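Structure file structure-v8.cif with mmCIF, C-alpha atoms (C1' of nucleotides):
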data_data
#
loop_
_atom_site.group_PDB
_atom_site.id
_atom_site.type_symbol
_atom_site.label_atom_id
_atom_site.label_comp_id
_atom_site.auth_asym_id
_atom_site.auth_seq_id
_atom_site.Cartn_x
_atom_site.Cartn_y
_atom_site.Cartn_z
ATOM 1 C CA MET T 13 217.308 3.308 103.408
ATOM 2 C CA THR T 14 214.452 5.580 104.339
ATOM 3 C CA LYS T 15 213.296 8.529 102.292
ATOM 4 C CA VAL T 16 210.719 11.227 102.896
ATOM 5 C CA ILE T 17 208.203 11.599 100.095
ATOM 6 C CA ASN T 18 206.183 14.798 99.783
ATOM 7 C CA HIS T 19 203.105 15.771 97.809
ATOM 8 C CA ILE T 20 203.439 19.492 98.060
ATOM 9 C CA LYS T 21 203.430 20.191 94.353
ATOM 10 C CA GLU T 22 200.249 18.196 93.715
ATOM 11 C CA ILE T 23 198.368 19.846 96.532
ATOM 12 C CA ARG T 24 199.654 23.285 95.616
ATOM 13 C CA LEU T 25 198.491 22.843 92.006
ATOM 14 C CA GLN T 26 195.124 21.433 93.085
ATOM 15 C CA ARG T 27 194.570 24.666 94.926
ATOM 16 C CA GLY T 28 195.845 26.906 92.137
ATOM 17 C CA ILE T 29 198.593 28.426 94.223
ATOM 18 C CA THR T 30 201.922 29.478 92.704
ATOM 19 C CA GLN T 31 205.314 28.887 94.263
ATOM 20 C CA ILE T 32 205.627 32.647 94.497
ATOM 21 C CA GLN T 33 202.363 32.971 96.395
ATOM 22 C CA MET T 34 203.327 30.192 98.766
ATOM 23 C CA ALA T 35 206.715 31.715 99.406
ATOM 24 C CA GLU T 36 205.121 35.039 100.300
ATOM 25 C CA ASP T 37 202.455 33.467 102.482
ATOM 26 C CA LEU T 38 204.989 31.373 104.360
ATOM 27 C CA GLN T 39 207.688 34.028 104.445
ATOM 28 C CA ILE T 40 210.302 31.846 102.845
ATOM 29 C CA THR T 41 212.020 31.975 99.478
ATOM 30 C CA ARG T 42 210.557 30.605 96.278
ATOM 31 C CA GLN T 43 213.726 28.583 95.798
ATOM 32 C CA THR T 44 213.092 26.744 99.025
ATOM 33 C CA ILE T 45 209.629 25.700 97.840
ATOM 34 C CA ASN T 46 211.028 24.710 94.485
ATOM 35 C CA ALA T 47 213.871 22.685 95.960
ATOM 36 C CA ILE T 48 211.533 20.797 98.269
ATOM 37 C CA GLU T 49 209.009 20.090 95.505
ATOM 38 C CA ASN T 50 211.830 18.771 93.356
ATOM 39 C CA ASN T 51 213.298 16.691 96.161
ATOM 40 C CA LYS T 52 216.584 18.489 96.491
ATOM 41 C CA TYR T 53 216.166 18.183 100.231
ATOM 42 C CA ASN T 54 213.510 17.794 102.910
ATOM 43 C CA PRO T 55 212.004 20.716 104.740
ATOM 44 C CA SER T 56 212.949 21.205 108.350
ATOM 45 C CA LEU T 57 210.380 20.025 110.887
ATOM 46 C CA GLU T 58 209.394 23.619 111.549
ATOM 47 C CA LEU T 59 208.720 24.302 107.896
ATOM 48 C CA ALA T 60 206.922 20.973 107.519
ATOM 49 C CA LEU T 61 204.574 21.893 110.363
ATOM 50 C CA LYS T 62 203.930 25.261 108.727
ATOM 51 C CA LEU T 63 203.139 23.533 105.454
ATOM 52 C CA ILE T 64 200.652 21.230 107.161
ATOM 53 C CA LYS T 65 198.993 24.222 108.736
ATOM 54 C CA TYR T 66 199.094 26.193 105.489
ATOM 55 C CA PHE T 67 197.330 23.500 103.494
ATOM 56 C CA ASP T 68 195.287 22.353 106.468
ATOM 57 C CA VAL T 69 195.735 18.689 105.674
ATOM 58 C CA PRO T 70 196.696 15.722 107.845
ATOM 59 C CA ILE T 71 200.422 15.136 107.768
ATOM 60 C CA GLU T 72 200.155 11.886 105.868
ATOM 61 C CA LYS T 73 198.639 13.753 102.910
ATOM 62 C CA LEU T 74 201.819 15.802 102.645
ATOM 63 C CA PHE T 75 204.648 13.597 103.894
ATOM 64 C CA TYR T 76 205.396 9.963 104.422
ATOM 65 C CA LEU T 77 208.336 7.617 104.772
ATOM 66 C CA ARG T 78 209.251 5.192 102.050
ATOM 67 C CA GLU T 79 211.693 2.357 102.506
ATOM 68 C CA ASP T 80 214.013 2.176 99.550
ATOM 69 C CA GLU T 81 216.701 -0.047 98.242
ATOM 70 C CA LYS T 82 220.088 1.525 98.895
ATOM 71 C CA MET M 27 209.091 33.982 116.070
ATOM 72 C CA THR M 28 207.985 30.401 115.720
ATOM 73 C CA LYS M 29 209.332 27.503 117.751
ATOM 74 C CA VAL M 30 208.769 23.785 117.597
ATOM 75 C CA ILE M 31 207.731 22.238 120.886
ATOM 76 C CA ASN M 32 208.104 18.503 121.437
ATOM 77 C CA HIS M 33 206.783 16.096 124.043
ATOM 78 C CA ILE M 34 209.130 13.241 123.395
ATOM 79 C CA LYS M 35 210.463 12.970 126.922
ATOM 80 C CA GLU M 36 207.000 12.808 128.495
ATOM 81 C CA ILE M 37 205.791 10.134 126.123
ATOM 82 C CA ARG M 38 209.012 8.164 126.391
ATOM 83 C CA LEU M 39 208.777 8.152 130.196
ATOM 84 C CA GLN M 40 205.087 7.258 130.140
ATOM 85 C CA ARG M 41 206.048 4.155 128.248
ATOM 86 C CA GLY M 42 209.047 3.318 130.403
ATOM 87 C CA ILE M 43 211.524 3.508 127.563
ATOM 88 C CA THR M 44 215.103 4.688 128.080
ATOM 89 C CA GLN M 45 216.974 7.007 125.764
ATOM 90 C CA ILE M 46 219.339 4.127 125.120
ATOM 91 C CA GLN M 47 216.514 1.832 124.103
ATOM 92 C CA MET M 48 215.033 4.458 121.810
ATOM 93 C CA ALA M 49 218.377 5.121 120.196
ATOM 94 C CA GLU M 50 218.838 1.445 119.438
ATOM 95 C CA ASP M 51 215.319 1.010 118.147
ATOM 96 C CA LEU M 52 215.577 4.024 115.888
ATOM 97 C CA GLN M 53 219.191 3.430 114.892
ATOM 98 C CA ILE M 54 220.378 6.829 115.980
ATOM 99 C CA THR M 55 222.637 7.945 118.798
ATOM 100 C CA ARG M 56 221.511 8.487 122.344
ATOM 101 C CA GLN M 57 222.940 12.013 122.200
ATOM 102 C CA THR M 58 220.556 12.866 119.407
ATOM 103 C CA ILE M 59 217.569 11.808 121.504
ATOM 104 C CA ASN M 60 218.912 13.698 124.478
ATOM 105 C CA ALA M 61 219.579 16.864 122.491
ATOM 106 C CA ILE M 62 216.089 16.847 121.014
ATOM 107 C CA GLU M 63 214.426 16.199 124.372
ATOM 108 C CA ASN M 64 216.384 19.081 125.854
ATOM 109 C CA ASN M 65 215.616 21.391 122.945
ATOM 110 C CA LYS M 66 219.122 21.797 121.654
ATOM 111 C CA TYR M 67 217.683 21.488 118.168
ATOM 112 C CA ASN M 68 214.710 20.049 116.320
ATOM 113 C CA PRO M 69 214.731 16.645 114.700
ATOM 114 C CA SER M 70 214.825 16.509 110.931
ATOM 115 C CA LEU M 71 211.503 15.788 109.238
ATOM 116 C CA GLU M 72 212.662 12.252 108.545
ATOM 117 C CA LEU M 73 213.460 11.599 112.177
ATOM 118 C CA ALA M 74 210.237 13.303 113.269
ATOM 119 C CA LEU M 75 208.230 10.943 111.055
ATOM 120 C CA LYS M 76 210.108 7.980 112.507
ATOM 121 C CA LEU M 77 209.328 9.190 116.017
ATOM 122 C CA ILE M 78 205.645 9.481 115.200
ATOM 123 C CA LYS M 79 205.692 5.973 113.832
ATOM 124 C CA TYR M 80 207.740 4.689 116.785
ATOM 125 C CA PHE M 81 205.330 5.998 119.393
ATOM 126 C CA ASP M 82 202.318 5.512 117.127
ATOM 127 C CA VAL M 83 200.752 8.814 118.100
ATOM 128 C CA PRO M 84 199.227 11.605 116.026
ATOM 129 C CA ILE M 85 201.799 14.232 115.186
ATOM 130 C CA GLU M 86 200.171 16.890 117.361
ATOM 131 C CA LYS M 87 200.833 14.735 120.439
ATOM 132 C CA LEU M 88 204.551 14.935 119.719
ATOM 133 C CA PHE M 89 205.158 18.254 117.964
ATOM 134 C CA TYR M 90 203.526 21.602 117.588
ATOM 135 C CA LEU M 91 204.342 25.171 116.697
ATOM 136 C CA ARG M 92 204.342 27.894 119.290
ATOM 137 C CA GLU M 93 204.465 31.570 118.475
ATOM 138 C CA ASP M 94 206.917 33.313 120.728
ATOM 139 C CA GLU M 95 208.007 36.786 121.546
ATOM 140 C CA LYS M 96 211.359 37.580 119.950
ATOM 141 C "C1'" DT Y 20 207.441 40.409 68.147
ATOM 142 C "C1'" DA Y 21 207.858 42.010 72.849
ATOM 143 C "C1'" DC Y 22 206.290 41.482 77.534
ATOM 144 C "C1'" DT Y 23 204.884 39.061 81.594
ATOM 145 C "C1'" DT Y 24 204.470 35.184 84.632
ATOM 146 C "C1'" DA Y 25 205.703 30.757 86.574
ATOM 147 C "C1'" DT Y 26 209.108 27.638 87.053
ATOM 148 C "C1'" DG Y 27 213.831 25.334 87.137
ATOM 149 C "C1'" DT Y 28 218.421 25.795 88.404
ATOM 150 C "C1'" DA Y 29 223.241 27.135 90.057
ATOM 151 C "C1'" DA Y 30 226.827 29.052 93.102
ATOM 152 C "C1'" DA Y 31 228.104 31.036 97.412
ATOM 153 C "C1'" DT Y 32 227.117 31.432 101.995
ATOM 154 C "C1'" DA Y 33 225.087 30.730 106.694
ATOM 155 C "C1'" DT Y 34 223.011 27.965 109.988
ATOM 156 C "C1'" DA Y 35 220.904 23.518 111.634
ATOM 157 C "C1'" DT Y 36 221.038 18.636 112.297
ATOM 158 C "C1'" DC Y 37 223.543 14.524 113.553
ATOM 159 C "C1'" DT Y 38 227.511 11.550 114.638
ATOM 160 C "C1'" DT Y 39 231.550 10.158 117.271
ATOM 161 C "C1'" DT Y 40 234.130 10.196 121.333
ATOM 162 C "C1'" DA Y 41 234.481 11.416 125.776
ATOM 163 C "C1'" DC Y 42 233.611 12.865 130.453
ATOM 164 C "C1'" DA Y 43 230.388 14.110 134.220
ATOM 165 C "C1'" DT Y 44 226.423 13.557 137.579
ATOM 166 C "C1'" DG Y 45 222.710 11.193 140.145
ATOM 167 C "C1'" DT Y 46 220.439 7.182 141.721
ATOM 168 C "C1'" DA Y 47 219.721 2.568 143.005
ATOM 169 C "C1'" DA Y 48 221.387 -1.817 144.197
ATOM 170 C "C1'" DA Y 49 225.008 -5.289 145.722
ATOM 171 C "C1'" DT B 11 231.662 1.780 149.239
ATOM 172 C "C1'" DT B 12 231.606 -0.068 144.703
ATOM 173 C "C1'" DT B 13 229.109 -1.200 140.621
ATOM 174 C "C1'" DA B 14 225.759 -0.516 137.123
ATOM 175 C "C1'" DC B 15 222.632 2.229 134.730
ATOM 176 C "C1'" DA B 16 220.328 6.404 132.919
ATOM 177 C "C1'" DT B 17 221.025 10.864 131.821
ATOM 178 C "C1'" DG B 18 223.338 15.455 130.702
ATOM 179 C "C1'" DT B 19 226.827 17.675 128.234
ATOM 180 C "C1'" DA B 20 230.815 19.253 125.235
ATOM 181 C "C1'" DA B 21 233.906 19.568 121.201
ATOM 182 C "C1'" DA B 22 235.052 18.405 116.482
ATOM 183 C "C1'" DG B 23 233.554 17.190 112.194
ATOM 184 C "C1'" DA B 24 230.181 15.777 108.381
ATOM 185 C "C1'" DT B 25 226.092 16.536 106.032
ATOM 186 C "C1'" DA B 26 221.466 18.799 105.450
ATOM 187 C "C1'" DT B 27 218.578 22.815 105.221
ATOM 188 C "C1'" DA B 28 217.769 27.526 103.754
ATOM 189 C "C1'" DT B 29 218.843 32.115 101.929
ATOM 190 C "C1'" DT B 30 220.469 35.451 98.422
ATOM 191 C "C1'" DT B 31 221.453 36.651 93.867
ATOM 192 C "C1'" DA B 32 221.333 35.536 89.378
ATOM 193 C "C1'" DC B 33 220.358 33.451 84.956
ATOM 194 C "C1'" DA B 34 217.566 30.372 82.003
ATOM 195 C "C1'" DT B 35 213.355 28.424 79.695
ATOM 196 C "C1'" DA B 36 208.521 27.712 78.522
ATOM 197 C "C1'" DA B 37 203.846 29.370 77.966
ATOM 198 C "C1'" DG B 38 200.563 32.825 77.441
ATOM 199 C "C1'" DT B 39 199.232 37.365 76.012
ATOM 200 C "C1'" DA B 40 199.356 42.326 74.259
#
Conversion result in structure tokens:
Amino acid sequence: MTKVINHIKEIRLQRGITQIQMAEDLQITRQTINAIENNKYNPSLELALKLIKYFDVPIEKLFYLREDEK
Amino acid sequence: MTKVINHIKEIRLQRGITQIQMAEDLQITRQTINAIENNKYNPSLELALKLIKYFDVPIEKLFYLREDEK
DNA sequence: TACTTATGTAAATATATCTTTACATGTAAA
DNA sequence: TTTACATGTAAAGATATATTTACATAAGTA
């Protein structure tokens, strides 16, 4: 079973940005950021592309696939 | 308004792969491939990452954001 | 203590993504 | 013409993604 892993929280903290700031910058809700950081669900492709642009990092620094048991 | 543009059909045809072949390789339905190629909806992030891996191209060759009127 | 800020979380709701089944069209080959 | 193959499409249903509103906690500070 394949899962998407994200490193949004680490990168956000490295840069000293709050969830609130991110939510405002990206025009989404803070709860969406929080849910994604805490792996409640994956962002849509559109939001993922915006996140890549926002942090200006190559995609593999933010997201990658992991093969899991079950 | 932001839209996700994809170049899956072009790259698939360049490589001489059918929708049916892709669907089998990626373990999804042919209708999903077709719908994405014809912009009925965007792939999930998980499927987008699998597509990048499948074609072995940088993400910007497959997907990018376009700012649109309305 | 009281106040503020950042974060985690929950429920209800709306919309998006994907599957299954099915039918249609176009093209190329026998 | 008939057959096979690739593609487009539609409806119903399941699950995922995202928003809104609201409440909670922890840490830092006045």
Quick one: contact table of chain B to region 54-58 of chain T, 9 Å max, nearest atom pair and distance in Å to one decimal per residue, counting all atoms listed in the file, chain and number order, as a tab-separated table?
residue	atom	partner	partner_atom	distance
B:DA26	C1'	T:Asn54	CA	8.4
B:DT27	C1'	T:Ser56	CA	6.6
B:DA28	C1'	T:Pro55	CA	9.0
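Interatomic distance, CA of Gln47 (chain M) against CA of Leu77 (chain M): 13.1 Å.
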| remark: In terms of only C-alpha atoms (C1' of nucleotides), the residue from Y:DA35, Y:DC22, Y:DA48, Y:DA29 at minimal distance from Ala47 (chain T) is Y:DA29
| message | Can you translate the PyMOL selection byres ((chain T and resi 73) around 9) into the concrete residues it hits in this file, as number ranges by chain? | response | T: 18-20, 23, 64, 69-72, 74-76
| Can you tell me, as an NGL selection string, which residues sit within 7 Å of (233.6, 13.8, 118.6) in the file's frame, using only C-alpha atoms (C1' of nucleotides)? | (:Y and (39-40)) or (:B and (21-22))
| field | Exercise answer, chain Y residues close to chain T, 12 Å and all atoms listed in the file, as a count of residues only | value | 8
Could you list, with a cut-off of 9 Å and counting all atoms listed in the file, the residues of chain B near chain M, each shown with its nearest atom pair and the distance in Å rounded to one decimal, rows sorted by chain and ascending number, as a Markdown table?
| residue | atom | partner | partner_atom | distance |
| --- | --- | --- | --- | --- |
| B:DA16 | C1' | M:Thr44 | CA | 7.3 |
| B:DT17 | C1' | M:Asn60 | CA | 8.1 |
| B:DG18 | C1' | M:Asn60 | CA | 7.8 |
| B:DA26 | C1' | M:Ser70 | CA | 8.9 |
| request: Decode the PyMOL selection byres ((chain Y and resi 33) around 8) for the given file into explicit residues and return them as a ChimeraX atom specification. | output: /Y:32,34 /B:29
| Looking at only C-alpha atoms (C1' of nucleotides), which of Y:DA21, Y:DC37, Y:DA31, Y:DT44 is the one that sits closest to DG23 (chain B)? | Y:DC37
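For the pair CA of Leu61 (chain T) and CA of Leu73 (chain M), the interatomic distance is 13.7 Å.
Using all atoms listed in the file, the nearest neighbour of chain M within the list T:Glu22, T:Tyr53, T:Phe67, T:Thr44 is T:Tyr53.
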Put a box with edges along x, y and z around all the listed atoms of region 30-44 of chain Y, pad it by 5 Å on each side, then give me its centre and sizes in Å, one decimal, as JSON.
{"center_x": 227.7, "center_y": 20.8, "center_z": 115.3, "size_x": 23.6, "size_y": 31.3, "size_z": 54.5}
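You will find CA of Lys15 (chain T) at 20.7 Å from CA of Ile62 (chain M).
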